[in-house]
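What follows is the content of run.csv, which has CSV, C-alpha atoms:
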chain,number,residue,atom,x,y,z
O,1,MET,CA,27.0,36.0,-22.0
O,2,GLN,CA,25.7,32.6,-23.2
O,3,GLU,CA,28.2,29.8,-22.9
O,4,THR,CA,28.8,27.8,-26.0
O,5,THR,CA,29.6,24.1,-26.1
O,6,SER,CA,32.8,23.1,-27.8
O,7,GLU,CA,32.7,20.7,-30.7
O,8,PRO,CA,34.6,18.0,-28.9
O,9,GLU,CA,32.0,18.1,-26.1
O,10,GLN,CA,29.1,17.9,-28.6
O,11,ALA,CA,30.8,15.0,-30.4
O,12,GLN,CA,31.2,12.8,-27.3
O,13,PRO,CA,27.4,12.2,-26.7
O,14,GLU,CA,26.9,11.6,-30.4
O,15,ALA,CA,29.8,9.1,-30.6
O,16,GLY,CA,28.4,7.3,-27.5
O,17,LEU,CA,25.0,7.1,-29.1
O,18,ARG,CA,26.5,5.7,-32.3
O,19,ASP,CA,28.4,3.1,-30.4
O,20,ARG,CA,25.3,2.0,-28.5
O,21,LYS,CA,23.3,1.7,-31.7
O,22,LYS,CA,26.2,-0.3,-33.3
O,23,GLU,CA,26.4,-2.6,-30.3
O,24,ALA,CA,22.6,-3.1,-30.3
O,25,LYS,CA,22.6,-3.9,-34.0
O,26,ARG,CA,25.4,-6.4,-33.5
O,27,ALA,CA,23.5,-8.1,-30.6
O,28,ALA,CA,20.4,-8.3,-32.7
O,29,ILE,CA,22.3,-10.0,-35.5
O,30,ILE,CA,23.8,-12.5,-33.1
O,31,ALA,CA,20.4,-13.3,-31.5
O,32,ALA,CA,18.9,-13.8,-34.9
O,33,ALA,CA,21.8,-16.0,-36.0
O,34,GLN,CA,21.5,-18.2,-32.9
O,35,ALA,CA,17.8,-18.8,-33.7
O,36,GLU,CA,18.7,-19.5,-37.4
O,37,PHE,CA,21.5,-22.0,-36.6
O,38,ILE,CA,19.4,-23.8,-34.0
O,39,ALA,CA,16.4,-24.1,-36.4
O,40,HIS,CA,18.3,-25.0,-39.6
O,41,GLY,CA,21.8,-26.1,-38.8
O,42,PHE,CA,24.9,-24.6,-40.2
O,43,ALA,CA,24.8,-25.7,-43.9
O,44,GLU,CA,21.1,-24.7,-44.3
O,45,ALA,CA,21.4,-21.4,-42.3
O,46,ARG,CA,20.8,-18.4,-44.5
O,47,LEU,CA,22.4,-15.0,-43.8
O,48,ALA,CA,19.6,-13.3,-45.7
O,49,ARG,CA,17.1,-14.7,-43.1
O,50,VAL,CA,19.4,-13.6,-40.3
O,51,ALA,CA,19.6,-10.1,-41.6
O,52,ALA,CA,15.8,-9.9,-42.1
O,53,GLN,CA,15.2,-11.2,-38.6
O,54,ALA,CA,17.7,-8.7,-37.1
O,55,GLY,CA,16.1,-5.9,-39.1
O,56,VAL,CA,19.2,-5.0,-41.1
O,57,ALA,CA,20.2,-5.2,-44.7
O,58,LYS,CA,22.3,-8.2,-45.7
O,59,GLY,CA,25.1,-5.9,-46.7
O,60,THR,CA,25.0,-4.4,-43.2
O,61,LEU,CA,25.4,-7.8,-41.7
O,62,TYR,CA,28.7,-8.3,-43.6
O,63,LEU,CA,30.0,-5.1,-42.0
O,64,TYR,CA,29.9,-6.9,-38.7
O,65,PHE,CA,30.7,-10.5,-39.8
O,66,ASP,CA,32.5,-11.4,-42.9
O,67,SER,CA,31.4,-15.0,-43.1
O,68,LYS,CA,28.9,-17.5,-41.7
O,69,GLU,CA,31.7,-19.1,-39.6
O,70,ALA,CA,32.5,-15.7,-38.1
O,71,LEU,CA,28.9,-15.4,-37.1
O,72,PHE,CA,28.8,-18.9,-35.7
O,73,ASP,CA,31.9,-18.0,-33.6
O,74,ALA,CA,30.1,-14.9,-32.3
O,75,VAL,CA,27.0,-16.9,-31.3
O,76,LEU,CA,29.1,-19.3,-29.3
O,77,ARG,CA,31.2,-16.6,-27.7
O,78,GLY,CA,28.1,-14.6,-26.8
O,79,ALA,CA,27.1,-17.4,-24.5
O,80,LEU,CA,30.3,-17.2,-22.4
O,81,PRO,CA,29.2,-14.5,-20.0
O,82,LEU,CA,26.1,-16.6,-19.2
O,83,ILE,CA,28.3,-19.7,-18.8
O,84,PHE,CA,31.0,-18.4,-16.6
O,85,ALA,CA,29.6,-15.5,-14.7
O,86,PRO,CA,27.9,-16.7,-11.5
O,87,PRO,CA,24.3,-15.4,-11.3
O,88,VAL,CA,25.0,-13.7,-8.0
O,89,ALA,CA,28.3,-12.8,-6.2
O,90,PRO,CA,29.2,-15.9,-4.2
O,91,ASP,CA,29.4,-15.6,-0.4
O,92,PRO,CA,33.0,-15.6,0.6
O,93,GLY,CA,32.2,-18.4,3.0
O,94,THR,CA,30.8,-20.6,0.2
O,95,PRO,CA,32.9,-23.8,0.0
O,96,PRO,CA,34.8,-24.0,-3.4
O,97,GLN,CA,33.1,-27.2,-4.5
O,98,VAL,CA,29.7,-25.7,-3.9
O,99,ALA,CA,30.6,-22.6,-5.9
O,100,PHE,CA,32.0,-24.7,-8.7
O,101,ARG,CA,28.9,-26.9,-8.8
O,102,ARG,CA,26.6,-23.9,-8.9
O,103,ARG,CA,28.5,-22.4,-11.8
O,104,LEU,CA,28.4,-25.6,-13.9
O,105,ARG,CA,24.8,-26.2,-13.1
O,106,ALA,CA,23.8,-22.7,-14.0
O,107,ALA,CA,25.7,-23.0,-17.3
O,108,ILE,CA,24.0,-26.3,-18.2
O,109,ALA,CA,20.6,-25.1,-17.2
O,110,ASP,CA,20.9,-22.0,-19.3
O,111,MET,CA,22.2,-23.9,-22.3
O,112,GLN,CA,19.3,-26.3,-22.2
O,113,ALA,CA,16.6,-23.6,-21.6
O,114,SER,CA,17.9,-21.4,-24.3
O,115,GLY,CA,18.4,-24.2,-26.9
O,116,ARG,CA,22.2,-23.5,-27.1
O,117,ASP,CA,22.9,-27.2,-26.3
O,118,LYS,CA,21.8,-27.8,-29.9
O,119,LEU,CA,24.8,-25.9,-31.2
O,120,ALA,CA,27.0,-28.8,-30.0
O,121,LEU,CA,25.0,-31.2,-32.2
O,122,ILE,CA,25.5,-28.9,-35.2
O,123,VAL,CA,29.3,-29.2,-34.6
O,124,LEU,CA,29.1,-33.0,-34.2
O,125,SER,CA,27.0,-33.5,-37.3
O,126,GLU,CA,28.5,-30.9,-39.7
O,127,SER,CA,32.2,-30.7,-38.8
O,128,ALA,CA,33.1,-33.3,-41.4
O,129,GLN,CA,31.8,-30.9,-44.1
O,130,PHE,CA,32.9,-27.7,-42.2
O,131,PRO,CA,36.0,-28.5,-40.2
O,132,GLY,CA,36.2,-24.9,-38.9
O,133,LEU,CA,33.2,-25.5,-36.7
O,134,ALA,CA,35.1,-28.0,-34.5
O,135,ARG,CA,37.9,-25.5,-34.0
O,136,ILE,CA,35.5,-22.7,-33.2
O,137,TYR,CA,33.6,-24.8,-30.7
O,138,LEU,CA,36.8,-26.0,-29.1
O,139,GLU,CA,38.2,-22.5,-28.7
O,140,ALA,CA,35.0,-20.7,-27.7
O,141,ILE,CA,33.3,-23.3,-25.4
O,142,LEU,CA,35.2,-26.4,-24.6
O,143,GLU,CA,38.7,-25.0,-23.7
O,144,PRO,CA,37.3,-22.4,-21.3
O,145,LEU,CA,35.1,-25.1,-19.7
O,146,PHE,CA,38.1,-27.5,-19.5
O,147,GLU,CA,40.2,-24.7,-17.8
O,148,LEU,CA,37.4,-24.2,-15.3
O,149,VAL,CA,37.5,-27.9,-14.4
O,150,ARG,CA,41.3,-27.9,-14.3
O,151,ASP,CA,41.4,-24.9,-12.0
O,152,TYR,CA,39.0,-26.5,-9.6
O,153,ALA,CA,40.9,-29.8,-9.6
O,154,ARG,CA,44.2,-28.0,-8.9
O,155,SER,CA,42.8,-25.8,-6.1
O,156,SER,CA,40.7,-28.5,-4.4
O,157,GLY,CA,43.6,-30.2,-2.7
O,158,VAL,CA,42.0,-33.6,-3.3
O,159,ALA,CA,44.6,-36.0,-4.7
O,160,ARG,CA,42.1,-38.2,-6.4
O,161,LEU,CA,40.9,-35.3,-8.6
O,162,GLU,CA,44.4,-34.8,-10.1
O,163,PRO,CA,43.5,-36.8,-13.3
O,164,LEU,CA,40.9,-34.0,-14.1
O,165,THR,CA,43.8,-31.6,-14.7
O,166,ARG,CA,44.8,-33.9,-17.5
O,167,TYR,CA,41.4,-35.2,-18.6
O,168,PRO,CA,38.8,-32.6,-17.8
O,169,GLN,CA,36.7,-34.2,-20.5
O,170,LEU,CA,35.8,-36.9,-17.9
O,171,LEU,CA,33.6,-34.4,-16.0
O,172,LEU,CA,31.9,-32.9,-19.0
O,173,ALA,CA,31.5,-35.8,-21.5
O,174,PRO,CA,28.1,-37.1,-20.0
O,175,MET,CA,26.5,-33.7,-20.8
O,176,LEU,CA,27.4,-34.2,-24.5
O,177,ALA,CA,26.1,-37.8,-24.4
O,178,ALA,CA,22.8,-36.5,-22.8
O,179,THR,CA,22.5,-33.8,-25.4
O,180,MET,CA,22.8,-36.5,-28.1
O,181,TRP,CA,20.3,-38.7,-26.3
O,182,ASN,CA,17.7,-35.9,-26.2
O,183,ARG,CA,18.2,-35.2,-29.9
O,184,LEU,CA,18.1,-38.9,-31.1
O,185,MET,CA,15.7,-40.6,-28.6
O,186,THR,CA,12.7,-38.4,-29.3
O,187,GLU,CA,10.2,-41.1,-28.3
O,188,ARG,CA,11.6,-41.0,-24.8
O,189,PRO,CA,11.2,-38.2,-22.2
O,190,PRO,CA,14.1,-35.8,-22.5
O,191,LEU,CA,16.9,-36.0,-19.9
O,192,ASP,CA,17.1,-33.1,-17.5
O,193,LEU,CA,20.6,-32.0,-18.1
O,194,PRO,CA,21.1,-29.9,-14.8
O,195,GLU,CA,19.8,-32.8,-12.7
O,196,MET,CA,22.0,-35.3,-14.6
O,197,LEU,CA,25.0,-33.0,-14.1
O,198,GLU,CA,24.4,-32.8,-10.4
O,199,THR,CA,24.1,-36.6,-10.1
O,200,HIS,CA,27.3,-37.0,-12.1
O,201,LEU,CA,29.2,-34.5,-10.0
O,202,THR,CA,28.1,-36.3,-6.9
O,203,LEU,CA,29.4,-39.6,-8.3
O,204,VAL,CA,32.8,-38.1,-9.2
O,205,LEU,CA,33.3,-35.4,-6.5
O,206,GLY,CA,31.2,-36.8,-3.7
O,207,PRO,CA,28.2,-34.9,-2.1
O,208,PRO,CA,28.4,-31.2,-1.9
O,209,GLU,CA,30.5,-30.0,1.1
O,210,GLY,CA,28.4,-29.7,4.2
O,211,GLU,CA,25.9,-32.3,3.0
O,212,PRO,CA,25.9,-35.9,4.2
O,213,ALA,CA,26.5,-38.7,1.8
O,214,GLY,CA,23.4,-40.6,0.7
O,215,VAL,CA,22.5,-43.7,2.6
O,216,THR,CA,21.9,-46.8,0.6
O,217,GLY,CA,19.5,-49.4,1.7
Kindly return the structure encoded in the file as structure tokens.
Amino acid sequence: MQETTSEPEQAQPEAGLRDRKKEAKRAAIIAAAQAEFIAHGFAEARLARVAAQAGVAKGTLYLYFDSKEALFDAVLRGALPLIFAPPVAPDPGTPPQVAFRRRLRAAIADMQASGRDKLALIVLSESAQFPGLARIYLEAILEPLFELVRDYARSSGVARLEPLTRYPQLLLAPMLAATMWNRLMTERPPLDLPEMLETHLTLVLGPPEGEPAGVTG
């Protein structure tokens, strides 16, 4: 006798396929929105262009994101796995400072290479007109980064780093300044953000553990 498949068993693969298609469509919308915001800023970004680039109807886009701010939020939060997930599992013997520096450097390198550093400039230049952008950027990007710095400062056991638990901005502010420099000083060669970050970390934290301090002549 031929066995028959029950309806619940048939429905499971179909539901899984629908979920994968839905997630793929959402990812396409976010990728198109990131390109649109980077190219045009927030005020001039057009959801119709985002939908067309993502290959969906504008009405379909609104099923996923009910406003331009919600889409901007998703673009920022979509960067978090790249920012906070180390590219490879760290060796258990890796000194904490080395692991911390690698994570920050990978984050900054990815942000510059992908163009996502320009999203910070959108927040700076358009938050007066759209106050929600500053809140979104603070919650989605800055606060998680600040907590990463605070966690390292607390766990380092280095007394002189205690101020970073209160003012984590001290460690990250030069990256924002460098991003603004690259945007405004277009007649000058752009600053290499990962290299600048590494130099700044050495000034603040000292050389990476296991490496000798530089010798000045």
- State, in Å with one decimal place, the distance from atom CA of Ala33 of chain O to atom CA of Phe72 of chain O.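 Between atom CA of Ala33 of chain O and atom CA of Phe72 of chain O the gap is 7.6 Å.
Atom CA of Gln97 of chain O sits 9.9 Å away from atom CA of Leu201 of chain O.
Minimum atom-to-atom distances from O:Ile141, O:Ala39, O:Leu17, O:Leu164 to Arg77 of chain O were compared using all atoms listed in the file, and the lowest value belongs to O:Ile141.
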- Could you check how far atom CA of Glu14 of chain O sits from atom CA of Ala57 of chain O, in Å to one decimal?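 We find that atom CA of Glu14 of chain O and atom CA of Ala57 of chain O lie 23.1 Å from each other.
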- Who sits within 12 Å of segment 60-65 of chain O, only C-alpha atoms, same chain under 2 positions skipped, as a ChimeraX atom specification: /O:22-30,32-33,46-58,67-75
- Choose the residue, out of O:Leu197, O:Ala173, O:Ala31, O:Val149, that has the smallest atom-to-atom separation from Ile108 of chain O; count only C-alpha atoms.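 Looking only at the distances to Ile108 of chain O, the closest residue turns out to be O:Leu197.
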- Query: Could you list as a PyMOL selection string every residue that has an atom within 12 Å of (15.9, -27.0, -24.1), using the file's coordinates and counting only C-alpha atoms?
  - Reply: chain O and resi 38+108-119+178-179+182-183+190-194
- Using all atoms listed in the file, which of the listed residues (O:Arg154, O:Glu44, O:Tyr137, O:His200) sits closest to Leu170 of chain O? O:His200
- Message: Applying 8 Å and all atoms listed in the file, which residues near Phe42 of chain O remain after dropping the ones on its own chain fewer than 2 positions away? List them as an NGL selection string.
- Response: :O and (37 or 40 or 44-45 or 122 or 126)
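With distances restricted to all atoms listed in the file, O:Leu76 is the closest residue to Ala134 of chain O from O:Glu147, O:Pro92, O:Pro163, O:Leu76.
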- Arg101 of chain O environment, 9 Å, all atoms listed in the file, sequence neighbours closer than 2 positions dropped, as a PyMOL selection string: chain O and resi 96-99+103-106+197-198+201+208
